[in-house]
file input-v3.cif (mmCIF, C-alpha atoms and all ligand atoms)
data_target
#
loop_
_atom_site.label_atom_id
_atom_site.label_comp_id
_atom_site.auth_asym_id
_atom_site.auth_seq_id
_atom_site.Cartn_x
_atom_site.Cartn_y
_atom_site.Cartn_z
CA MET A 1 120.94 89.98 91.79
CA ARG A 2 124.26 89.68 90.02
CA LYS A 3 124.38 89.25 86.28
CA LYS A 4 125.47 86.19 84.35
CA ILE A 5 127.79 87.30 81.58
CA VAL A 6 129.72 85.78 78.72
CA ALA A 7 132.20 88.31 77.32
CA GLY A 8 134.56 87.88 74.39
CA ASN A 9 138.01 89.38 74.20
CA TRP A 10 139.14 89.30 70.61
CA LYS A 11 142.60 90.61 71.56
CA MET A 12 144.64 91.59 68.45
CA ASN A 13 142.73 89.40 66.02
CA LYS A 14 140.49 90.10 63.01
CA THR A 15 140.75 92.79 60.37
CA LEU A 16 137.88 95.27 60.34
CA GLN A 17 136.07 93.23 57.68
CA GLU A 18 136.60 89.96 59.53
CA GLY A 19 135.53 91.50 62.83
CA LEU A 20 132.37 92.93 61.30
CA ALA A 21 131.51 89.54 59.81
CA LEU A 22 132.01 87.89 63.21
CA ALA A 23 129.91 90.48 65.05
CA LYS A 24 127.12 90.29 62.46
CA GLY A 25 127.19 86.51 62.55
CA LEU A 26 126.73 86.53 66.31
CA ASP A 27 124.03 89.18 66.03
CA GLU A 28 122.06 87.05 63.57
CA VAL A 29 122.10 84.05 65.89
CA LEU A 30 121.15 86.10 68.94
CA ALA A 31 118.30 87.78 67.04
CA LYS A 32 116.64 84.37 66.82
CA GLU A 33 117.75 82.69 70.01
CA LYS A 34 116.90 83.57 73.59
CA VAL A 35 119.87 83.13 75.88
CA ASN A 36 120.23 83.08 79.67
CA CYS A 37 123.10 85.52 80.10
CA GLU A 38 124.33 88.91 78.97
CA VAL A 39 126.64 88.83 75.98
CA ILE A 40 129.52 91.24 75.44
CA ILE A 41 132.18 91.35 72.73
CA GLY A 42 135.51 93.09 73.28
CA THR A 43 137.03 94.30 70.03
CA PRO A 44 140.07 96.28 68.93
CA PHE A 45 139.54 100.04 69.06
CA ILE A 46 139.24 100.46 65.31
CA HIS A 47 136.34 98.01 65.14
CA LEU A 48 134.21 99.59 67.83
CA ALA A 49 132.20 102.19 65.92
CA SER A 50 131.52 99.92 62.94
CA VAL A 51 130.57 96.97 65.13
CA CYS A 52 128.24 99.10 67.27
CA ALA A 53 126.50 100.39 64.12
CA ALA A 54 126.14 96.89 62.63
CA ILE A 55 124.60 94.98 65.56
CA ASP A 56 121.80 95.26 68.09
CA THR A 57 123.70 96.66 71.06
CA GLN A 58 120.71 95.95 73.29
CA LYS A 59 121.47 92.27 72.74
CA ILE A 60 125.25 92.40 72.51
CA GLY A 61 127.25 94.82 74.61
CA VAL A 62 130.47 96.11 73.10
CA ALA A 63 133.73 96.56 74.98
CA ALA A 64 137.07 98.16 74.21
CA GLU A 65 140.09 96.14 75.30
CA ASN A 66 141.84 99.08 76.94
CA CYS A 67 141.69 102.86 77.31
CA ALA A 68 144.21 105.58 78.07
CA ASP A 69 145.21 106.67 81.55
CA HIS A 70 144.72 110.31 80.58
CA ALA A 71 141.53 112.15 79.69
CA SER A 72 142.81 113.84 76.52
CA GLY A 73 145.78 115.66 75.05
CA ALA A 74 149.23 114.98 73.65
CA TYR A 75 149.40 111.19 74.06
CA THR A 76 150.07 110.00 70.52
CA GLY A 77 148.46 106.69 69.69
CA GLU A 78 146.30 106.49 72.78
CA VAL A 79 142.50 106.22 72.89
CA SER A 80 140.59 107.88 75.72
CA ALA A 81 137.62 106.55 77.66
CA ALA A 82 135.49 109.38 76.20
CA MET A 83 136.46 108.29 72.67
CA VAL A 84 135.52 104.70 73.45
CA LYS A 85 132.17 105.82 74.81
CA SER A 86 131.52 107.95 71.72
CA THR A 87 131.62 104.82 69.52
CA GLY A 88 128.62 103.33 71.30
CA ALA A 89 130.68 100.90 73.39
CA GLU A 90 129.51 100.55 76.99
CA TYR A 91 132.33 98.48 78.48
CA VAL A 92 136.11 98.50 78.69
CA ILE A 93 138.38 95.59 79.62
CA LEU A 94 141.06 96.91 81.98
CA GLY A 95 144.08 95.32 83.62
CA HIS A 96 144.30 92.31 81.35
CA SER A 97 147.42 90.31 82.23
CA GLU A 98 148.76 90.84 78.71
CA ARG A 99 148.63 94.60 79.24
CA ARG A 100 150.18 94.32 82.68
CA ALA A 101 152.98 92.04 81.40
CA TYR A 102 153.74 93.44 77.94
CA TYR A 103 152.83 97.12 78.29
CA GLY A 104 153.91 97.80 81.84
CA GLU A 105 150.49 98.67 83.22
CA THR A 106 150.82 99.26 86.95
CA PRO A 107 148.13 99.11 89.64
CA GLU A 108 148.35 102.91 89.86
CA MET A 109 147.77 103.39 86.12
CA LEU A 110 144.86 100.97 86.28
CA LYS A 111 143.32 102.90 89.12
CA THR A 112 143.38 105.99 86.91
CA LYS A 113 141.93 104.08 83.94
CA VAL A 114 139.09 102.72 86.08
CA ARG A 115 138.31 106.26 87.29
CA LEU A 116 138.28 107.65 83.73
CA ALA A 117 136.14 104.76 82.49
CA LEU A 118 133.55 105.31 85.21
CA ASP A 119 133.60 109.08 84.73
CA ASN A 120 132.76 108.50 81.07
CA GLY A 121 129.93 106.08 81.72
CA LEU A 122 131.83 102.92 80.76
CA THR A 123 131.60 99.71 82.77
CA PRO A 124 135.08 98.35 83.49
CA ILE A 125 135.67 94.61 83.16
CA PHE A 126 138.62 94.49 85.52
CA CYS A 127 141.02 91.56 85.18
CA ILE A 128 143.04 89.99 87.95
CA GLY A 129 144.98 86.74 88.23
CA GLU A 130 148.24 85.15 89.25
CA VAL A 131 151.11 83.72 87.20
CA LEU A 132 152.12 80.07 87.49
CA ASP A 133 154.99 80.64 89.94
CA GLU A 134 152.66 82.51 92.27
CA ARG A 135 150.15 79.68 92.19
CA LYS A 136 152.86 77.07 92.79
CA ALA A 137 154.07 79.10 95.77
CA GLY A 138 150.53 79.28 97.15
CA LYS A 139 150.47 83.07 96.75
CA HIS A 140 147.48 83.28 94.39
CA PHE A 141 145.08 84.47 97.07
CA ASP A 142 147.41 87.28 98.16
CA VAL A 143 148.09 88.27 94.54
CA VAL A 144 144.44 88.71 93.54
CA LYS A 145 143.62 90.44 96.83
CA ALA A 146 146.42 92.96 96.24
CA GLN A 147 145.32 93.54 92.62
CA VAL A 148 141.78 94.32 93.72
CA GLU A 149 142.85 96.44 96.68
CA GLN A 150 145.46 98.46 94.82
CA SER A 151 143.32 99.49 91.84
CA LEU A 152 139.72 99.35 93.05
CA PHE A 153 139.42 99.82 96.78
CA ASP A 154 139.62 103.61 96.65
CA LEU A 155 136.24 103.52 94.90
CA SER A 156 133.02 104.33 96.73
CA ALA A 157 130.66 101.39 97.22
CA GLU A 158 128.41 102.94 94.56
CA ASP A 159 131.23 103.04 92.02
CA PHE A 160 132.56 99.62 92.96
CA SER A 161 129.10 98.23 92.27
CA LYS A 162 129.52 99.22 88.60
CA ILE A 163 132.62 97.02 88.13
CA ILE A 164 132.65 93.55 86.56
CA LEU A 165 135.59 91.43 87.73
CA ALA A 166 137.34 88.78 85.68
CA TYR A 167 139.60 86.24 87.37
CA GLU A 168 142.05 85.04 84.75
CA PRO A 169 144.89 82.84 85.98
CA VAL A 170 147.74 83.74 83.64
CA TRP A 171 148.83 80.09 83.39
CA ALA A 172 145.45 79.22 81.86
CA ILE A 173 145.31 81.97 79.24
CA GLY A 174 145.73 80.66 75.72
CA THR A 175 147.46 77.54 77.05
CA GLY A 176 144.64 75.03 76.78
CA GLU A 177 145.06 74.45 80.50
CA THR A 178 141.94 75.49 82.40
CA ALA A 179 141.52 76.01 86.10
CA THR A 180 139.46 73.12 87.48
CA PRO A 181 135.93 74.04 88.54
CA GLU A 182 137.11 73.58 92.15
CA GLN A 183 140.08 75.92 91.67
CA ALA A 184 137.84 78.52 90.04
CA GLU A 185 135.17 78.32 92.73
CA GLU A 186 137.73 78.45 95.54
CA ILE A 187 139.31 81.67 94.37
CA HIS A 188 136.09 83.31 93.16
CA ALA A 189 134.58 82.72 96.60
CA TYR A 190 137.74 84.14 98.15
CA ILE A 191 137.55 87.26 95.96
CA ARG A 192 133.90 87.72 96.91
CA GLY A 193 134.93 87.49 100.55
CA VAL A 194 137.56 90.19 100.05
CA ILE A 195 134.88 92.44 98.51
CA ALA A 196 132.46 91.66 101.34
CA ALA A 197 135.06 92.60 103.96
CA LYS A 198 135.52 96.00 102.30
CA TYR A 199 132.07 96.89 100.96
CA GLY A 200 129.70 94.53 102.75
CA LYS A 201 127.83 91.38 101.78
CA GLN A 202 125.29 93.00 99.48
CA VAL A 203 127.89 94.65 97.22
CA ALA A 204 129.88 91.40 97.15
CA ASP A 205 126.81 89.32 96.35
CA ASP A 206 125.88 91.64 93.49
CA CYS A 207 129.34 91.66 91.88
CA SER A 208 129.71 89.54 88.75
CA ILE A 209 133.00 87.64 88.79
CA LEU A 210 133.86 86.03 85.46
CA TYR A 211 136.37 83.25 84.86
CA GLY A 212 138.86 83.52 81.98
CA GLY A 213 141.52 81.16 80.70
CA SER A 214 141.00 78.47 78.04
CA CYS A 215 137.25 78.49 78.62
CA LYS A 216 135.53 76.64 75.78
CA PRO A 217 132.18 74.99 74.97
CA SER A 218 133.39 71.69 76.43
CA ASN A 219 134.27 73.06 79.88
CA ALA A 220 132.04 76.13 80.27
CA LYS A 221 129.14 74.28 81.85
CA GLU A 222 131.15 72.79 84.71
CA LEU A 223 132.85 76.12 85.37
CA PHE A 224 129.57 78.08 85.32
CA ALA A 225 127.91 75.52 87.61
CA ASN A 226 129.81 76.99 90.55
CA PRO A 227 127.91 79.44 92.76
CA ASP A 228 130.62 82.13 92.59
CA VAL A 229 131.43 81.84 88.89
CA ASP A 230 129.16 84.30 87.10
CA GLY A 231 130.31 83.72 83.56
CA GLY A 232 133.40 83.88 81.41
CA LEU A 233 135.85 86.19 79.69
CA ILE A 234 136.70 84.33 76.54
CA GLY A 235 139.72 84.74 74.28
CA GLY A 236 140.30 82.17 71.56
CA ALA A 237 136.82 80.66 71.68
CA SER A 238 135.22 84.09 71.10
CA LEU A 239 136.65 84.26 67.58
CA LYS A 240 134.15 81.85 66.04
CA VAL A 241 130.37 82.27 66.34
CA GLU A 242 129.77 78.59 67.00
CA ASP A 243 132.42 78.31 69.73
CA PHE A 244 131.26 81.49 71.45
CA MET A 245 127.62 80.44 71.22
CA GLY A 246 128.59 77.06 72.68
CA ILE A 247 129.83 78.88 75.78
CA ILE A 248 126.80 81.22 75.92
CA ARG A 249 124.52 78.18 75.73
CA ALA A 250 126.29 76.67 78.76
CA TRP A 251 124.04 78.97 80.82
P1 LIG B 301 141.77 82.31 76.19
O1 LIG B 301 140.31 82.05 76.31
O2 LIG B 301 142.26 82.34 74.78
O3 LIG B 301 142.58 81.44 77.09
O4 LIG B 301 142.01 83.83 76.72
C1 LIG B 301 141.44 84.22 77.90
C2 LIG B 301 141.61 85.68 78.04
O5 LIG B 301 142.70 86.17 78.19
C3 LIG B 301 140.41 86.51 77.94
O6 LIG B 301 140.67 87.82 78.32
#
call {"tool": "encode", "arguments": {"input": "input-v3.cif", "output": "structure tokens"}}
result
Amino acid sequence: MRKKIVAGNWKMNKTLQEGLALAKGLDEVLAKEKVNCEVIIGTPFIHLASVCAAIDTQKIGVAAENCADHASGAYTGEVSAAMVKSTGAEYVILGHSERRAYYGETPEMLKTKVRLALDNGLTPIFCIGEVLDERKAGKHFDVVKAQVEQSLFDLSAEDFSKIILAYEPVWAIGTGETATPEQAEEIHAYIRGVIAAKYGKQVADDCSILYGGSCKPSNAKELFANPDVDGGLIGGASLKVEDFMGIIRAW
């Protein structure tokens, strides 16, 4: 059975103190309330160790937003998968469109990052998604297929089974424009078909595919109602406890 997941991606927001307050606030609510999905928060690197120490990580999984494409060594400013793991984090968001677009992350680099994450016991939350021009040209299916194939399809079925996917249409990220439930379901089902063709139906059925892009309390329920939408990767609405809980409660 695949997991239902609501994951936050704080991006480059919150000082350490603000981030700790947010994580503790969420932890307090989840200590009292039973929810119907797994909850993950993705925080900047510098928050990871403090956040992991301050919350119940059995209830809230913690993710880094990136990791290096090298194991260790002279790569000033980088943070390795092993370092992320040593903070207590269990997940790492990889291939976010902002990293692909602004920091030149290539499919090849992402393949290496996924390998290093898995080798260090981290679960990758691997992001894919097309830009607006690609959608307008009807190329969105080919784009996401290529993104999955290029960075993930060298993995064994066993390793692929450890990956969480996040479909995030770039035109919906931070824009207030959300994919319609029909658009989300159509492409999630397509992605699951691509996985089934490579790894078989069981692996595809067990893979959690999250939707990301202007997901908020008001639209989460209709998005999550689709059979192939297994949750959300949430940017802006993960920065306030009430907004994030509103999405979690959509399950
Ligand atoms: P928003 O929810 O702010 O659109 O961001 C989505 C996202 O990029 C999550 O990774």
call {"tool": "closest_residue", "arguments": {"input": "input-v3.cif", "among": "A:Ile195, A:Val229, A:Ala166, A:Ala89", "to": "Glu182 in chain A", "atoms": "only C-alpha atoms"}}
result
A:Val229
call {"tool": "closest_residue", "arguments": {"input": "input-v3.cif", "among": "A:Ile55, A:Val92, A:Val62, A:Cys207", "to": "Asp228 in chain A", "atoms": "only C-alpha atoms"}}
result
A:Cys207
call {"tool": "residues_near_ligand", "arguments": {"input": "input-v3.cif", "ligand": "ligand LIG 301 (chain B)", "cutoff": "9 Å", "atoms": "all atoms listed in the file", "output": "VMD selection string"}}
result
chain A and resid 7 to 11 42 65 93 96 to 98 127 166 168 to 178 211 to 216 232 to 238
call {"tool": "write_last_selection", "arguments": {"input": "input-v3.cif", "atoms": "C-alpha atoms", "output": "PDB file, in the frame of the given file"}}
result
ATOM      1  CA  ALA A   7     132.200  88.310  77.320  1.00  0.00           C
ATOM      2  CA  GLY A   8     134.560  87.880  74.390  1.00  0.00           C
ATOM      3  CA  ASN A   9     138.010  89.380  74.200  1.00  0.00           C
ATOM      4  CA  TRP A  10     139.140  89.300  70.610  1.00  0.00           C
ATOM      5  CA  LYS A  11     142.600  90.610  71.560  1.00  0.00           C
ATOM      6  CA  GLY A  42     135.510  93.090  73.280  1.00  0.00           C
ATOM      7  CA  GLU A  65     140.090  96.140  75.300  1.00  0.00           C
ATOM      8  CA  ILE A  93     138.380  95.590  79.620  1.00  0.00           C
ATOM      9  CA  HIS A  96     144.300  92.310  81.350  1.00  0.00           C
ATOM     10  CA  SER A  97     147.420  90.310  82.230  1.00  0.00           C
ATOM     11  CA  GLU A  98     148.760  90.840  78.710  1.00  0.00           C
ATOM     12  CA  CYS A 127     141.020  91.560  85.180  1.00  0.00           C
ATOM     13  CA  ALA A 166     137.340  88.780  85.680  1.00  0.00           C
ATOM     14  CA  GLU A 168     142.050  85.040  84.750  1.00  0.00           C
ATOM     15  CA  PRO A 169     144.890  82.840  85.980  1.00  0.00           C
ATOM     16  CA  VAL A 170     147.740  83.740  83.640  1.00  0.00           C
ATOM     17  CA  TRP A 171     148.830  80.090  83.390  1.00  0.00           C
ATOM     18  CA  ALA A 172     145.450  79.220  81.860  1.00  0.00           C
ATOM     19  CA  ILE A 173     145.310  81.970  79.240  1.00  0.00           C
ATOM     20  CA  GLY A 174     145.730  80.660  75.720  1.00  0.00           C
ATOM     21  CA  THR A 175     147.460  77.540  77.050  1.00  0.00           C
ATOM     22  CA  GLY A 176     144.640  75.030  76.780  1.00  0.00           C
ATOM     23  CA  GLU A 177     145.060  74.450  80.500  1.00  0.00           C
ATOM     24  CA  THR A 178     141.940  75.490  82.400  1.00  0.00           C
ATOM     25  CA  TYR A 211     136.370  83.250  84.860  1.00  0.00           C
ATOM     26  CA  GLY A 212     138.860  83.520  81.980  1.00  0.00           C
ATOM     27  CA  GLY A 213     141.520  81.160  80.700  1.00  0.00           C
ATOM     28  CA  SER A 214     141.000  78.470  78.040  1.00  0.00           C
ATOM     29  CA  CYS A 215     137.250  78.490  78.620  1.00  0.00           C
ATOM     30  CA  LYS A 216     135.530  76.640  75.780  1.00  0.00           C
ATOM     31  CA  GLY A 232     133.400  83.880  81.410  1.00  0.00           C
ATOM     32  CA  LEU A 233     135.850  86.190  79.690  1.00  0.00           C
ATOM     33  CA  ILE A 234     136.700  84.330  76.540  1.00  0.00           C
ATOM     34  CA  GLY A 235     139.720  84.740  74.280  1.00  0.00           C
ATOM     35  CA  GLY A 236     140.300  82.170  71.560  1.00  0.00           C
ATOM     36  CA  ALA A 237     136.820  80.660  71.680  1.00  0.00           C
ATOM     37  CA  SER A 238     135.220  84.090  71.100  1.00  0.00           C
TER      38      SER A 238
END
call {"tool": "closest_residue", "arguments": {"input": "input-v3.cif", "among": "A:Ile187, A:Ala63, A:Val39, A:Lys24", "to": "Lys139 in chain A", "atoms": "only C-alpha atoms"}}
result
A:Ile187
call {"tool": "closest_residue", "arguments": {"input": "input-v3.cif", "among": "A:Lys145, A:Lys240, A:His47, A:Lys32", "to": "Gly193 in chain A", "atoms": "all atoms listed in the file"}}
result
A:Lys145
call {"tool": "atom_distance", "arguments": {"input": "input-v3.cif", "atom1": "CA of Asn219 in chain A", "atom2": "CA of Ile60 in chain A"}}
result
22.6 Å
call {"tool": "build_atoms", "arguments": {"input": "input-v3.cif", "residues": "range 47-71 of chain A", "atoms": "N, CA, C and O atoms", "output": "tab-separated table (two decimals), keeping the file's coordinate frame"}}
result
chain	number	residue	atom	x	y	z
A	47	HIS	N	137.58	98.70	65.51
A	47	HIS	CA	136.34	98.01	65.14
A	47	HIS	C	135.11	98.59	65.84
A	47	HIS	O	133.98	98.34	65.42
A	48	LEU	N	135.33	99.29	66.93
A	48	LEU	CA	134.21	99.59	67.83
A	48	LEU	C	133.03	100.28	67.15
A	48	LEU	O	131.89	99.83	67.26
A	49	ALA	N	133.30	101.40	66.48
A	49	ALA	CA	132.20	102.19	65.92
A	49	ALA	C	131.43	101.40	64.87
A	49	ALA	O	130.20	101.41	64.84
A	50	SER	N	132.18	100.69	64.01
A	50	SER	CA	131.52	99.92	62.94
A	50	SER	C	130.71	98.77	63.52
A	50	SER	O	129.59	98.51	63.07
A	51	VAL	N	131.28	98.09	64.51
A	51	VAL	CA	130.57	96.97	65.13
A	51	VAL	C	129.30	97.48	65.82
A	51	VAL	O	128.22	96.90	65.67
A	52	CYS	N	129.41	98.56	66.56
A	52	CYS	CA	128.24	99.10	67.27
A	52	CYS	C	127.13	99.48	66.29
A	52	CYS	O	125.94	99.30	66.58
A	53	ALA	N	127.51	99.98	65.11
A	53	ALA	CA	126.50	100.39	64.12
A	53	ALA	C	125.88	99.17	63.43
A	53	ALA	O	124.76	99.25	62.91
A	54	ALA	N	126.58	98.04	63.44
A	54	ALA	CA	126.14	96.89	62.63
A	54	ALA	C	125.30	95.89	63.42
A	54	ALA	O	124.72	94.99	62.82
A	55	ILE	N	125.29	96.00	64.76
A	55	ILE	CA	124.60	94.98	65.56
A	55	ILE	C	123.57	95.63	66.48
A	55	ILE	O	123.52	96.85	66.63
A	56	ASP	N	122.77	94.78	67.09
A	56	ASP	CA	121.80	95.26	68.09
A	56	ASP	C	122.53	95.32	69.44
A	56	ASP	O	122.72	94.29	70.09
A	57	THR	N	122.91	96.52	69.83
A	57	THR	CA	123.70	96.66	71.06
A	57	THR	C	122.85	96.49	72.33
A	57	THR	O	123.39	96.48	73.43
A	58	GLN	N	121.55	96.34	72.14
A	58	GLN	CA	120.71	95.95	73.29
A	58	GLN	C	120.93	94.47	73.61
A	58	GLN	O	120.79	94.04	74.75
A	59	LYS	N	121.27	93.72	72.57
A	59	LYS	CA	121.47	92.27	72.74
A	59	LYS	C	122.93	91.91	72.99
A	59	LYS	O	123.23	90.95	73.69
A	60	ILE	N	123.81	92.67	72.36
A	60	ILE	CA	125.25	92.40	72.51
A	60	ILE	C	125.94	93.69	72.96
A	60	ILE	O	125.95	94.68	72.22
A	61	GLY	N	126.48	93.68	74.15
A	61	GLY	CA	127.25	94.82	74.61
A	61	GLY	C	128.61	94.83	73.94
A	61	GLY	O	129.13	93.78	73.57
A	62	VAL	N	129.17	96.02	73.77
A	62	VAL	CA	130.47	96.11	73.10
A	62	VAL	C	131.49	96.74	74.05
A	62	VAL	O	131.20	97.71	74.74
A	63	ALA	N	132.66	96.12	74.08
A	63	ALA	CA	133.73	96.56	74.98
A	63	ALA	C	134.98	96.92	74.19
A	63	ALA	O	135.32	96.25	73.21
A	64	ALA	N	135.69	97.95	74.65
A	64	ALA	CA	137.07	98.16	74.21
A	64	ALA	C	137.95	97.25	75.05
A	64	ALA	O	137.54	96.75	76.10
A	65	GLU	N	139.18	97.04	74.58
A	65	GLU	CA	140.09	96.14	75.30
A	65	GLU	C	141.05	96.89	76.20
A	65	GLU	O	141.89	96.30	76.88
A	66	ASN	N	140.91	98.23	76.20
A	66	ASN	CA	141.84	99.08	76.94
A	66	ASN	C	141.33	100.51	76.79
A	66	ASN	O	140.46	100.78	75.96
A	67	CYS	N	141.83	101.42	77.60
A	67	CYS	CA	141.69	102.86	77.31
A	67	CYS	C	142.87	103.57	77.95
A	67	CYS	O	143.61	102.98	78.75
A	68	ALA	N	143.05	104.82	77.59
A	68	ALA	CA	144.21	105.58	78.07
A	68	ALA	C	144.08	105.92	79.55
A	68	ALA	O	142.99	105.93	80.10
A	69	ASP	N	145.22	106.22	80.15
A	69	ASP	CA	145.21	106.67	81.55
A	69	ASP	C	145.26	108.19	81.66
A	69	ASP	O	145.67	108.74	82.67
A	70	HIS	N	144.87	108.85	80.58
A	70	HIS	CA	144.72	110.31	80.58
A	70	HIS	C	143.40	110.63	79.90
A	70	HIS	O	142.94	109.87	79.06
A	71	ALA	N	142.84	111.79	80.23
A	71	ALA	CA	141.53	112.15	79.69
A	71	ALA	C	141.61	112.58	78.23
A	71	ALA	O	140.75	112.23	77.42
